[in-house]
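> This is model_16.txt, which holds compact mmCIF, C-alpha atoms:
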```txt
# COMPACT_ATOMS: atom_id res chain seq x y z
CA MET A 24 -110.98 149.09 -35.85
CA ASP A 25 -110.90 151.68 -38.59
CA VAL A 26 -109.51 150.34 -41.85
CA SER A 27 -106.99 152.64 -43.47
CA THR A 28 -108.44 154.77 -46.24
CA GLY A 29 -105.11 154.77 -48.04
CA HIS A 30 -105.11 157.44 -50.71
CA ALA A 31 -108.92 157.61 -50.90
CA ASP A 32 -110.26 161.13 -51.42
CA THR A 33 -112.11 162.10 -48.25
CA SER A 34 -112.40 165.81 -49.00
CA GLY A 35 -115.94 165.52 -50.36
CA LEU A 36 -117.06 163.55 -47.30
CA HIS A 37 -115.47 166.07 -44.95
CA ARG A 38 -117.10 168.99 -46.76
CA TYR A 39 -120.49 167.34 -46.48
CA ALA A 40 -119.91 166.49 -42.82
CA GLU A 41 -119.02 170.14 -42.13
CA ALA A 42 -122.17 171.29 -43.91
CA LEU A 43 -124.16 168.70 -41.97
CA LEU A 44 -122.90 170.06 -38.66
CA THR A 45 -123.73 173.60 -39.73
CA HIS A 46 -127.30 172.59 -40.58
CA LEU A 47 -127.71 170.55 -37.42
CA SER A 48 -126.60 173.37 -35.15
CA ALA A 49 -128.63 175.96 -37.08
CA ASP A 50 -132.03 174.35 -37.64
CA GLY A 51 -131.70 170.66 -36.74
CA THR A 52 -132.05 169.41 -40.32
CA ALA A 53 -129.80 167.31 -42.54
CA PRO A 54 -129.04 168.26 -46.17
CA PRO A 55 -129.47 165.51 -48.81
CA TYR A 56 -126.72 162.94 -48.65
CA PRO A 57 -124.52 163.00 -51.77
CA ASP A 58 -122.60 160.10 -53.29
CA VAL A 59 -119.44 160.57 -51.23
CA ASP A 60 -119.01 157.07 -49.81
CA VAL A 61 -115.41 156.29 -48.73
CA PRO A 62 -114.94 152.53 -48.29
CA GLY A 63 -113.17 151.45 -45.11
CA TYR A 64 -113.62 154.85 -43.41
CA TRP A 65 -115.88 154.91 -40.32
CA LEU A 66 -117.13 158.46 -40.92
CA SER A 67 -118.80 157.55 -44.22
CA PRO A 68 -121.34 155.03 -42.82
CA ALA A 69 -121.64 157.06 -39.59
CA VAL A 70 -122.78 160.13 -41.53
CA GLN A 71 -125.17 157.97 -43.57
CA ALA A 72 -126.62 156.52 -40.36
CA LEU A 73 -127.08 160.01 -38.89
CA VAL A 74 -128.92 161.23 -42.01
CA HIS A 75 -131.20 158.16 -41.93
CA ILE A 76 -131.94 158.74 -38.25
CA MET A 77 -132.72 162.41 -38.87
CA ASN A 78 -135.10 161.44 -41.69
CA GLY A 79 -136.79 158.75 -39.60
CA GLU A 80 -135.44 155.96 -41.80
CA ASP A 81 -133.90 152.59 -40.98
CA ALA A 82 -130.20 153.07 -40.16
CA LEU A 83 -129.21 149.55 -39.06
CA GLU A 84 -127.03 148.71 -42.07
CA PRO A 85 -124.80 151.83 -42.05
CA LEU A 86 -124.72 151.69 -38.23
CA ALA A 87 -123.40 148.14 -38.33
CA ARG A 88 -120.70 149.07 -40.88
CA ALA A 89 -119.60 152.14 -38.92
CA ALA A 90 -119.49 150.20 -35.63
CA ARG A 91 -117.29 147.52 -37.22
CA LEU A 92 -114.83 150.15 -38.47
CA ASP A 93 -114.66 152.27 -35.27
CA GLY A 94 -117.39 151.71 -32.70
CA ALA A 95 -116.13 154.29 -30.17
CA ARG A 96 -115.88 157.17 -32.67
CA THR A 97 -119.18 156.25 -34.28
CA SER A 98 -121.00 156.26 -30.92
CA LEU A 99 -119.41 159.55 -29.91
CA PHE A 100 -120.24 161.14 -33.27
CA LEU A 101 -123.89 160.09 -33.16
CA CYS A 102 -124.42 161.03 -29.50
CA LEU A 103 -122.95 164.50 -29.91
CA ALA A 104 -124.51 165.22 -33.29
CA LEU A 105 -127.99 164.27 -32.08
CA ALA A 106 -127.47 166.37 -28.96
CA VAL A 107 -126.45 169.41 -31.01
CA CYS A 108 -129.54 169.25 -33.19
CA GLY A 109 -131.88 168.74 -30.24
CA HIS A 110 -132.68 165.07 -30.87
CA GLY A 111 -130.66 163.51 -28.08
CA ASP A 112 -133.65 161.35 -27.19
CA ARG A 113 -133.02 159.35 -30.38
CA ILE A 114 -129.72 157.90 -29.19
CA HIS A 115 -129.47 154.29 -28.09
CA ALA A 116 -128.38 153.73 -24.49
CA SER A 117 -125.52 151.49 -25.63
CA TRP A 118 -124.08 154.31 -27.77
CA LEU A 119 -123.74 156.58 -24.73
CA GLY A 120 -122.00 153.85 -22.74
CA THR A 121 -119.59 153.05 -25.59
CA ALA A 122 -118.84 156.71 -26.31
CA PHE A 123 -118.31 157.71 -22.70
CA GLY A 124 -116.09 154.82 -21.63
CA ASP A 125 -114.68 154.71 -18.11
CA LEU A 126 -113.72 157.56 -15.81
CA SER A 127 -110.73 157.41 -13.52
CA GLU A 128 -109.31 159.88 -11.04
CA ASP A 129 -105.85 158.75 -12.19
CA GLN A 130 -106.48 159.61 -15.84
CA PRO A 131 -107.44 162.94 -17.45
CA VAL A 132 -111.01 163.36 -18.66
CA THR A 133 -111.01 163.16 -22.48
CA SER A 134 -112.56 165.86 -24.61
CA GLY A 135 -115.23 163.42 -25.76
CA GLN A 136 -116.16 162.52 -22.21
CA ARG A 137 -116.31 166.17 -21.22
CA ALA A 138 -118.52 167.00 -24.21
CA LEU A 139 -120.93 164.15 -23.38
CA TRP A 140 -120.83 165.21 -19.72
CA LEU A 141 -121.79 168.75 -20.71
CA ALA A 142 -124.52 167.63 -23.10
CA ALA A 143 -126.07 165.30 -20.53
CA ALA A 144 -125.87 167.97 -17.81
CA ARG A 145 -127.78 170.40 -20.04
CA GLY A 146 -130.53 167.83 -20.54
CA ALA A 147 -129.73 166.83 -24.12
CA TYR A 148 -130.37 163.14 -23.38
CA GLY A 149 -133.20 163.64 -20.92
CA PRO A 150 -133.30 162.40 -17.32
CA ALA A 151 -131.77 159.04 -18.28
CA GLY A 152 -128.67 160.70 -19.73
CA LYS A 153 -128.19 162.85 -16.66
CA ILE A 154 -128.55 159.85 -14.37
CA PHE A 155 -126.03 157.97 -16.51
CA VAL A 156 -123.40 160.68 -16.04
CA LEU A 157 -124.21 161.01 -12.32
CA ARG A 158 -123.61 157.30 -11.85
CA LYS A 159 -120.30 157.55 -13.70
CA LEU A 160 -119.23 160.42 -11.46
CA ASP A 161 -120.49 158.79 -8.28
CA ALA A 162 -118.40 155.70 -8.98
CA ILE A 163 -115.17 157.71 -8.55
CA ALA A 164 -113.79 158.73 -5.18
CA VAL A 165 -113.25 162.49 -5.33
CA PRO A 166 -110.99 164.43 -2.92
CA PRO A 167 -112.70 164.51 0.49
CA GLU A 168 -110.90 167.67 1.67
CA ASP A 169 -113.80 169.92 2.55
CA GLU A 170 -111.64 173.07 2.42
CA LEU A 171 -110.97 172.48 -1.30
CA TRP A 172 -114.67 172.50 -2.09
CA LEU A 173 -115.29 175.42 0.26
CA LYS A 174 -112.68 177.52 -1.53
CA ALA A 175 -114.14 176.56 -4.91
CA LEU A 176 -117.75 177.35 -3.96
CA VAL A 177 -117.01 180.58 -2.05
CA PRO A 178 -113.52 181.53 -3.22
CA GLY A 179 -111.38 184.28 -1.82
CA GLN A 180 -110.88 185.40 1.72
CA PRO A 181 -113.71 187.66 2.79
CA GLU A 182 -113.02 191.19 3.89
CA PRO A 183 -112.49 191.51 7.63
CA LEU A 184 -115.95 191.42 9.11
CA VAL A 185 -116.88 193.63 12.02
CA PRO A 186 -120.20 192.76 13.69
CA PRO A 187 -122.47 195.65 14.76
CA SER A 188 -121.55 195.13 18.41
CA LEU A 189 -117.88 195.83 17.66
CA ALA A 190 -118.39 198.64 15.16
CA ASP A 191 -116.73 201.16 17.49
CA TYR A 192 -113.95 198.73 18.36
CA PRO A 193 -112.93 197.03 15.07
CA GLU A 194 -109.66 195.90 16.63
CA LEU A 195 -111.68 193.47 18.77
CA ALA A 196 -112.87 191.72 15.58
CA GLU A 197 -109.23 190.97 14.73
CA ILE A 198 -108.97 188.71 17.79
CA PRO A 199 -109.44 185.12 16.46
CA ALA A 200 -111.68 184.10 19.37
CA LEU A 201 -114.06 186.95 18.51
CA GLY A 202 -113.63 187.35 14.75
CA GLY A 203 -113.48 183.61 13.95
CA PRO A 204 -117.15 182.82 14.73
CA VAL A 205 -118.26 185.89 12.77
CA LEU A 206 -116.27 184.85 9.70
CA ALA A 207 -117.49 181.25 10.00
CA ALA A 208 -121.13 182.33 10.17
CA ASP A 209 -120.71 184.61 7.17
CA ARG A 210 -118.94 181.92 5.14
CA LEU A 211 -121.65 179.40 5.99
CA ALA A 212 -124.36 181.84 4.88
CA ARG A 213 -122.52 182.44 1.60
CA LEU A 214 -122.06 178.69 1.11
CA ARG A 215 -125.78 178.13 1.56
CA ALA A 216 -126.57 180.94 -0.90
CA ARG A 217 -124.17 179.49 -3.50
CA CYS A 218 -125.65 176.00 -3.19
CA GLU A 219 -129.18 177.40 -3.45
CA GLU A 220 -128.12 179.28 -6.57
CA ILE A 221 -126.70 176.12 -8.14
CA LEU A 222 -129.62 173.86 -7.32
CA SER A 223 -132.28 176.39 -8.29
CA VAL A 224 -131.39 176.07 -11.98
CA ARG A 225 -134.18 174.42 -13.90
CA GLN A 226 -132.68 171.50 -15.77
CA ALA A 227 -134.62 171.72 -19.01
CA ASP A 228 -134.50 169.11 -21.76
CA GLY A 229 -133.51 170.34 -25.18
CA ALA A 230 -130.69 171.05 -27.54
CA VAL A 231 -127.26 171.89 -26.33
CA VAL A 232 -126.23 175.45 -26.95
CA SER A 233 -123.34 175.21 -29.36
CA SER A 234 -120.33 177.47 -29.32
CA SER A 235 -116.60 177.19 -29.68
CA ALA A 236 -115.04 177.04 -26.26
CA ALA A 237 -111.42 176.92 -25.21
CA TRP A 238 -109.95 173.78 -23.75
CA PRO A 239 -110.69 172.03 -21.46
CA GLU A 240 -114.31 173.31 -21.59
CA MET A 241 -114.85 171.59 -24.94
CA GLU A 242 -118.33 172.03 -26.40
CA PRO A 243 -119.90 169.11 -28.31
CA LEU A 244 -119.76 170.95 -31.64
CA ALA A 245 -116.02 171.52 -31.31
CA VAL A 246 -115.44 167.82 -30.59
CA LEU A 247 -117.56 166.90 -33.60
CA ARG A 248 -115.47 169.11 -35.87
CA ALA A 249 -112.32 167.44 -34.57
CA LEU A 250 -113.89 164.03 -35.18
CA ILE A 251 -114.87 164.64 -38.78
CA GLY A 252 -111.57 166.34 -39.55
CA ASP A 253 -109.51 163.52 -38.02
CA GLY A 254 -107.87 166.19 -35.90
CA GLU A 255 -106.45 165.82 -32.42
CA MET A 256 -109.37 165.97 -29.98
CA ASP A 257 -107.43 165.87 -26.76
CA GLY A 258 -106.07 169.32 -26.06
CA PRO A 259 -105.01 170.40 -22.55
CA LEU A 260 -107.01 168.13 -20.27
CA SER A 261 -107.83 168.16 -16.59
CA SER A 262 -108.37 165.49 -13.98
CA LEU A 263 -111.83 164.50 -12.87
CA SER A 264 -111.52 166.34 -9.55
CA GLY A 265 -110.09 169.36 -11.38
CA HIS A 266 -113.21 169.52 -13.57
CA LEU A 267 -115.52 169.09 -10.58
CA LEU A 268 -113.80 171.82 -8.56
CA HIS A 269 -113.93 174.13 -11.58
CA ASP A 270 -117.60 173.40 -12.18
CA VAL A 271 -118.76 174.64 -8.77
CA GLN A 272 -116.94 177.97 -8.95
CA PRO A 273 -119.04 181.12 -9.35
CA GLY A 274 -119.66 181.84 -13.01
CA ALA A 275 -119.38 178.20 -14.11
CA ASP A 276 -122.05 176.50 -16.21
CA PRO A 277 -125.00 176.04 -13.81
CA HIS A 278 -125.93 172.64 -15.25
CA LEU A 279 -122.43 171.29 -14.70
CA ALA A 280 -122.37 172.90 -11.25
CA ALA A 281 -125.47 170.97 -10.19
CA LEU A 282 -123.87 167.62 -11.07
CA ALA A 283 -120.55 168.54 -9.47
CA LEU A 284 -122.26 169.66 -6.27
CA HIS A 285 -124.09 166.34 -6.10
CA VAL A 286 -120.77 164.47 -6.32
CA ALA A 287 -119.12 166.74 -3.74
CA ALA A 288 -122.11 166.73 -1.38
CA PRO A 289 -120.40 164.75 1.44
CA ALA A 290 -117.37 167.07 1.49
CA VAL A 291 -119.54 170.20 1.24
CA ARG A 292 -121.73 168.96 4.09
CA ALA A 293 -118.60 168.34 6.18
CA ALA A 294 -117.40 171.88 5.44
CA ALA A 295 -120.77 173.31 6.47
CA GLU A 296 -120.78 171.34 9.71
CA ARG A 297 -117.27 172.56 10.51
CA LEU A 298 -118.30 176.16 9.92
CA ALA A 299 -121.43 175.76 12.04
CA GLU A 300 -119.34 174.28 14.84
CA SER A 301 -116.95 177.25 14.62
CA THR A 302 -119.82 179.61 15.45
CA LEU A 303 -120.59 177.83 18.73
CA GLY A 304 -117.65 179.15 20.70
CA GLU A 305 -118.45 181.12 23.84
CA THR A 306 -117.21 184.65 24.31
CA PRO A 307 -113.76 184.31 25.94
CA GLY A 308 -113.49 185.15 29.64
CA ALA A 309 -110.61 187.55 29.01
CA VAL A 310 -109.17 189.20 25.92
CA THR A 311 -106.12 191.37 25.49
CA VAL A 312 -106.83 194.50 23.49
CA PRO A 313 -104.57 197.39 22.48
CA VAL A 314 -106.02 200.60 23.87
CA LEU A 315 -104.12 203.75 22.92
CA GLY A 316 -101.16 201.53 22.16
CA ASN A 317 -101.29 199.77 25.53
CA ALA A 318 -102.23 196.11 26.06
CA ILE A 319 -105.24 195.92 28.39
CA ILE A 320 -106.80 192.67 29.58
CA LEU A 321 -110.59 192.98 29.47
CA ARG A 322 -112.90 190.76 31.51
CA PRO A 323 -116.70 190.77 31.68
CA ASP A 324 -116.59 192.54 35.06
CA GLY A 325 -114.18 195.23 33.86
CA PRO A 326 -110.58 195.89 32.81
CA ASP A 327 -107.81 194.07 34.62
CA GLN A 328 -106.50 196.57 37.14
CA SER A 329 -102.85 195.55 36.89
CA THR A 330 -102.71 196.03 33.12
CA LEU A 331 -104.75 199.22 33.42
CA ALA A 332 -102.31 200.59 35.99
CA GLU A 333 -99.37 199.64 33.77
CA ALA A 334 -101.01 201.41 30.84
CA GLU A 335 -101.48 204.52 32.99
CA ARG A 336 -97.82 204.40 34.00
CA LEU A 337 -96.69 204.11 30.38
CA ILE A 338 -98.90 207.02 29.29
CA ILE A 339 -97.48 209.19 32.08
CA ALA A 340 -93.92 208.09 31.22
CA ARG A 341 -94.37 208.84 27.51
CA ASN A 342 -95.92 212.26 28.17
CA SER A 343 -94.17 213.42 31.31
CA PRO A 344 -93.26 217.10 30.99
CA ARG A 345 -89.61 217.83 30.75
CA ARG A 346 -88.19 219.25 33.93
CA PRO A 347 -88.49 222.99 33.34
CA ASP A 348 -85.31 224.96 33.35
CA ARG A 349 -86.28 227.36 36.09
CA LEU A 350 -82.69 228.19 37.03
CA GLY A 351 -82.30 230.74 34.25
CA GLY A 352 -85.51 232.47 35.25
CA TYR A 353 -84.54 232.59 38.91
CA VAL A 354 -81.05 233.87 38.10
CA LEU A 355 -82.44 236.64 35.94
CA LEU A 356 -85.06 237.48 38.56
CA GLY A 357 -82.46 237.56 41.37
CA LEU A 358 -80.00 239.56 39.31
CA GLY A 359 -82.72 242.02 38.34
CA LEU A 360 -83.78 242.56 41.95
CA SER A 361 -80.19 243.09 42.97
CA LEU A 362 -79.71 245.70 40.29
CA MET A 363 -82.94 247.39 41.32
CA LEU A 364 -81.57 247.73 44.86
CA LEU A 365 -78.36 249.22 43.50
CA GLY A 366 -80.53 251.54 41.47
CA LEU A 367 -81.29 253.42 44.64
CA LEU A 368 -77.81 254.88 44.22
CA PHE A 369 -77.61 254.93 40.42
CA TRP A 370 -81.01 255.07 38.69
CA PRO A 371 -79.94 253.61 35.26
CA THR A 372 -79.00 250.42 37.12
CA ALA A 373 -82.55 250.23 38.49
CA ILE A 374 -83.98 250.34 34.97
CA ALA A 375 -81.71 247.51 33.80
CA GLY A 376 -82.58 245.47 36.91
CA ALA A 377 -86.30 245.92 36.28
CA GLY A 378 -85.86 244.63 32.73
CA LEU A 379 -83.91 241.58 33.86
CA ALA A 380 -86.41 240.85 36.63
CA GLY A 381 -89.33 241.11 34.18
CA TRP A 382 -87.65 238.74 31.70
CA GLY A 383 -86.94 236.23 34.45
CA GLY A 384 -90.55 236.37 35.64
CA TYR A 385 -91.76 235.82 32.05
CA LEU A 386 -89.59 232.71 31.68
CA LEU A 387 -90.92 231.28 34.93
CA ARG A 388 -94.56 231.90 33.90
CA ARG A 389 -93.99 230.34 30.46
CA ASN A 390 -92.46 227.21 31.97
CA ARG A 391 -95.42 226.90 34.32
CA ARG A 392 -97.92 227.22 31.48
CA ARG A 393 -96.13 224.51 29.51
CA ALA A 394 -96.17 222.19 32.50
CA LEU A 395 -99.90 222.75 32.98
CA VAL A 396 -100.62 222.01 29.30
CA GLU A 397 -98.62 218.78 29.41
CA LEU A 398 -100.35 217.69 32.60
CA ALA A 399 -103.73 218.39 31.02
CA ARG A 400 -102.75 216.22 28.02
CA ILE A 401 -101.82 213.38 30.34
CA GLU A 402 -105.13 213.68 32.17
CA THR A 403 -107.00 213.67 28.84
CA GLN A 404 -105.22 210.50 27.68
CA LEU A 405 -105.84 208.78 30.99
CA ALA A 406 -109.53 209.66 30.80
CA GLU A 407 -109.65 208.40 27.20
CA LEU A 408 -107.95 205.18 28.29
CA HIS A 409 -110.63 204.54 30.90
CA ARG A 410 -113.44 205.51 28.50
CA LEU A 411 -112.25 203.18 25.75
CA ALA A 412 -111.63 200.31 28.17
CA ASP A 413 -115.10 200.65 29.68
CA GLY A 414 -116.66 200.98 26.21
CA ALA A 415 -114.90 197.83 25.04
CA ILE A 416 -116.34 195.96 28.03
CA TRP A 417 -119.86 196.97 26.98
CA ALA A 418 -119.07 196.01 23.38
CA LEU A 419 -118.06 192.54 24.57
CA HIS A 420 -121.36 192.21 26.45
CA GLU A 421 -123.24 193.18 23.28
CA TYR A 422 -121.13 190.73 21.25
CA ALA A 423 -122.12 187.96 23.65
CA ARG A 424 -125.79 188.80 23.08
CA GLU A 425 -125.25 188.79 19.30
CA SER A 426 -123.58 185.38 19.49
CA LYS A 427 -126.86 183.69 20.35
CA SER A 428 -128.63 184.94 17.23
CA ARG A 429 -125.53 184.19 15.14
CA ARG A 430 -125.50 180.58 16.33
CA GLU A 431 -129.22 180.26 15.60
CA SER A 432 -128.71 181.59 12.08
CA ALA A 433 -125.82 179.18 11.52
CA THR A 434 -127.98 176.26 12.67
CA THR A 435 -130.71 177.35 10.25
CA ASP A 436 -128.21 177.65 7.39
CA LEU A 437 -126.75 174.20 8.12
CA THR A 438 -130.20 172.58 8.24
CA ALA A 439 -131.26 174.21 4.96
CA LEU A 440 -127.98 173.33 3.27
CA THR A 441 -128.17 169.70 4.41
CA ARG A 442 -131.69 169.48 3.00
CA LEU A 443 -130.54 170.96 -0.31
CA LEU A 444 -127.62 168.55 -0.66
CA ARG A 445 -129.82 165.59 0.21
CA ARG A 446 -132.30 166.57 -2.48
CA GLY A 447 -129.60 166.93 -5.13
CA PRO A 448 -130.03 168.11 -8.72
CA ARG A 449 -133.31 167.71 -10.54
CA ALA A 450 -133.36 164.85 -12.96
CA GLY A 451 -135.44 166.66 -15.54
```
Spit out the file's structure as structure tokens when you get a sec.


Amino acid sequence: MDVSTGHADTSGLHRYAEALLTHLSADGTAPPYPDVDVPGYWLSPAVQALVHIMNGEDALEPLARAARLDGARTSLFLCLALAVCGHGDRIHASWLGTAFGDLSEDQPVTSGQRALWLAAARGAYGPAGKIFVLRKLDAIAVPPEDELWLKALVPGQPEPLVPPSLADYPELAEIPALGGPVLAADRLARLRARCEEILSVRQADGAVVSSSAAWPEMEPLAVLRALIGDGEMDGPLSSLSGHLLHDVQPGADPHLAALALHVAAPAVRAAAERLAESTLGETPGAVTVPVLGNAIILRPDGPDQSTLAEAERLIIARNSPRRPDRLGGYVLLGLGLSLMLLGLLFWPTAIAGAGLAGWGGYLLRRNRRRALVELARIETQLAELHRLADGAIWALHEYARESKSRRESATTDLTALTRLLRRGPRAG
């Protein structure tokens, strides 16, 4: 336990510790240690021990004093400081265990644990450090819901996918029985690509790249500054599963992603198997498709005749020509002829009758032309109905042929993904 420093002046020690961190992150060296010893304060012997280690000198005595005062902070300080300067291989295995402590799904991950996790993932402690963190993570039961991991690895709903066979009939792709296997195959392919991207990262040994990061992605250097300043290290924290789900998202640190994917491998494999199974469905024996606003049942051997006939009836009903008002035309024509007969006795009456008869004839011809145009429109729509229905049948046949290659691709993706997850992240 750390003994209280009372009113002891720690400003000189803190200034040196800040300068030490600056040197360590810049060139991996330690400036000469001044006479700034603060009795009863863990940081004083811990800094002395770090300087001795950096200079290749015996550090047992200051290590023992620092461990007696605050073993957990001392171990965390040494592990992170040596990682920052690129000498993580000089840590003692017991320091890493003491500094890291225990993980629990019921408790938030501390900033110190996250910093050690990040340093080990980036290879700061070599293969042994990475294996240490993997074992810590493996010991915790993470959420098995495969959809959670699927959404994290390939987030967002994909745009509606229309396979080549249905390019001329995109509305067919909106039918779950037809569009579902296409979406599942695409999502499985993207899942495989994301896992390949994660596991292709070369896990190189070396110093941790230092930078100030916002919580909860706390970098080792930021935790060190909080340690030496006696500040509050635990900002907004996340649960273990929250960190793991965040780590596999696109754009996350690739080293952390590799460890998280290893932990989530069973759930990711289950998600991949579910997607592969979703691509195995056979083309349905009958589908209902809107054609020109009419529901038509399509079967492999052709459109259902009853629904096709109903669609024809509705098209005719919606476009039936209005009953032409021929009465006016006939009245004018009759009246005109009558006046023309009277014109035999009085010629001006014949002229008026001819005008009325001509106007009546014009109205009758116009009504007939309108009726012919409307009938032609109905015939065009009926022909289009049959053309689209027949074309959709051929599209379904082509979709069925595509399904075979889609299932083969999904099987290949599942096999490759299973092999990747079994191999896991590289130790070195």

> With all atoms listed in the file as the atoms that count, which of A:Gly252, A:Leu139, A:Thr97, A:Cys108 lies nearest to Leu279 of chain A?

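The closest residue to Leu279 of chain A is A:Leu139.
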
> Compare A:Cys218, A:Ala281, A:Leu101, A:Val177 by their minimum atom-to-atom distance to Ala89 of chain A, counting only C-alpha atoms, and give me the closest one.

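Ranking A:Cys218, A:Ala281, A:Leu101, A:Val177 by distance to Ala89 of chain A, first place goes to A:Leu101.
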
> With all atoms listed in the file as the counted atoms, please give the residues lying no more than 12 Å from segment 296-302 of chain A, apart from itself and same-chain residues fewer than 6 positions off, as number ranges by chain.

A: 168-170, 173, 199-215, 289-290, 423, 425-441

> Keeping C-alpha atoms, export the residues of the selection given above as a PDB file, keeping the file's coordinate frame.


```
ATOM      1  CA  GLU A 168    -110.900 167.670   1.670  1.00  0.00           C
ATOM      2  CA  ASP A 169    -113.800 169.920   2.550  1.00  0.00           C
ATOM      3  CA  GLU A 170    -111.640 173.070   2.420  1.00  0.00           C
ATOM      4  CA  LEU A 173    -115.290 175.420   0.260  1.00  0.00           C
ATOM      5  CA  PRO A 199    -109.440 185.120  16.460  1.00  0.00           C
ATOM      6  CA  ALA A 200    -111.680 184.100  19.370  1.00  0.00           C
ATOM      7  CA  LEU A 201    -114.060 186.950  18.510  1.00  0.00           C
ATOM      8  CA  GLY A 202    -113.630 187.350  14.750  1.00  0.00           C
ATOM      9  CA  GLY A 203    -113.480 183.610  13.950  1.00  0.00           C
ATOM     10  CA  PRO A 204    -117.150 182.820  14.730  1.00  0.00           C
ATOM     11  CA  VAL A 205    -118.260 185.890  12.770  1.00  0.00           C
ATOM     12  CA  LEU A 206    -116.270 184.850   9.700  1.00  0.00           C
ATOM     13  CA  ALA A 207    -117.490 181.250  10.000  1.00  0.00           C
ATOM     14  CA  ALA A 208    -121.130 182.330  10.170  1.00  0.00           C
ATOM     15  CA  ASP A 209    -120.710 184.610   7.170  1.00  0.00           C
ATOM     16  CA  ARG A 210    -118.940 181.920   5.140  1.00  0.00           C
ATOM     17  CA  LEU A 211    -121.650 179.400   5.990  1.00  0.00           C
ATOM     18  CA  ALA A 212    -124.360 181.840   4.880  1.00  0.00           C
ATOM     19  CA  ARG A 213    -122.520 182.440   1.600  1.00  0.00           C
ATOM     20  CA  LEU A 214    -122.060 178.690   1.110  1.00  0.00           C
ATOM     21  CA  ARG A 215    -125.780 178.130   1.560  1.00  0.00           C
ATOM     22  CA  PRO A 289    -120.400 164.750   1.440  1.00  0.00           C
ATOM     23  CA  ALA A 290    -117.370 167.070   1.490  1.00  0.00           C
ATOM     24  CA  ALA A 423    -122.120 187.960  23.650  1.00  0.00           C
ATOM     25  CA  GLU A 425    -125.250 188.790  19.300  1.00  0.00           C
ATOM     26  CA  SER A 426    -123.580 185.380  19.490  1.00  0.00           C
ATOM     27  CA  LYS A 427    -126.860 183.690  20.350  1.00  0.00           C
ATOM     28  CA  SER A 428    -128.630 184.940  17.230  1.00  0.00           C
ATOM     29  CA  ARG A 429    -125.530 184.190  15.140  1.00  0.00           C
ATOM     30  CA  ARG A 430    -125.500 180.580  16.330  1.00  0.00           C
ATOM     31  CA  GLU A 431    -129.220 180.260  15.600  1.00  0.00           C
ATOM     32  CA  SER A 432    -128.710 181.590  12.080  1.00  0.00           C
ATOM     33  CA  ALA A 433    -125.820 179.180  11.520  1.00  0.00           C
ATOM     34  CA  THR A 434    -127.980 176.260  12.670  1.00  0.00           C
ATOM     35  CA  THR A 435    -130.710 177.350  10.250  1.00  0.00           C
ATOM     36  CA  ASP A 436    -128.210 177.650   7.390  1.00  0.00           C
ATOM     37  CA  LEU A 437    -126.750 174.200   8.120  1.00  0.00           C
ATOM     38  CA  THR A 438    -130.200 172.580   8.240  1.00  0.00           C
ATOM     39  CA  ALA A 439    -131.260 174.210   4.960  1.00  0.00           C
ATOM     40  CA  LEU A 440    -127.980 173.330   3.270  1.00  0.00           C
ATOM     41  CA  THR A 441    -128.170 169.700   4.410  1.00  0.00           C
TER      42      THR A 441
END
```

> What's the separation between atom CA of Ser67 of chain A and atom CA of Leu83 of chain A, in Å to one decimal place?

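Between atom CA of Ser67 of chain A and atom CA of Leu83 of chain A the gap is 14.1 Å.
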
> Rounded to one decimal in Å, what is the spacing between atom CA of Ala72 of chain A and atom CA of Leu157 of chain A?

28.5 Å

> Provide the atom CA of Thr121 of chain A to atom CA of Asp93 of chain A distance in Å, to one decimal place.

10.9 Å

> Which residue is closest to Pro307 of chain A? Choose from A:Asp112, A:Leu171, A:Leu419, A:Lys153 and count only C-alpha atoms.

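Checking each of A:Asp112, A:Leu171, A:Leu419, A:Lys153 against Pro307 of chain A, counting only C-alpha atoms, the winner is A:Leu419.
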
> Compare A:Gly146, A:Pro277, A:Pro193, A:Gly94 by their minimum atom-to-atom distance to Val314 of chain A, counting all atoms listed in the file, and give me the closest one.

A:Pro193

> I'd like the contact shell of Val246 of chain A - 9 Å cut-off, all atoms listed in the file, skipping same-chain residues fewer than 4 positions apart - returned as an mmCIF file with C-alpha atoms, in the frame of the given file.


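Saved file result_36.cif follows:
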```cif
data_model
loop_
_atom_site.group_PDB
_atom_site.id
_atom_site.type_symbol
_atom_site.label_atom_id
_atom_site.label_comp_id
_atom_site.auth_asym_id
_atom_site.auth_seq_id
_atom_site.Cartn_x
_atom_site.Cartn_y
_atom_site.Cartn_z
ATOM 1 C CA PHE A 100 -120.240 161.140 -33.270
ATOM 2 C CA LEU A 103 -122.950 164.500 -29.910
ATOM 3 C CA SER A 134 -112.560 165.860 -24.610
ATOM 4 C CA GLY A 135 -115.230 163.420 -25.760
ATOM 5 C CA ALA A 138 -118.520 167.000 -24.210
ATOM 6 C CA MET A 241 -114.850 171.590 -24.940
ATOM 7 C CA GLU A 242 -118.330 172.030 -26.400
ATOM 8 C CA LEU A 250 -113.890 164.030 -35.180
ATOM 9 C CA ILE A 251 -114.870 164.640 -38.780
ATOM 10 C CA MET A 256 -109.370 165.970 -29.980
#
```

> Identify which of the residues A:Arg158, A:Trp65, A:Pro186, A:Arg248 lies closest to Thr45 of chain A, counting only C-alpha atoms when measuring atom-to-atom distances.

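Between A:Arg158, A:Trp65, A:Pro186, A:Arg248, the residue approaching Thr45 of chain A most closely is A:Arg248.
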
> Step by step: start from the point (-125.4, 170.8, -41.3) in the file's coordinates, keep every protein, DNA or RNA residue that has an atom no farther than 10 Å from it, count all atoms listed in the file, and write the set as a PyMOL selection string.

chain A and resi 39-54+104+108

> Please determine, counting all atoms listed in the file, which residue among A:Ser223, A:Pro166, A:Ser117, A:Ala295 has the shortest atom-to-atom distance to Ser264 of chain A.

A:Pro166
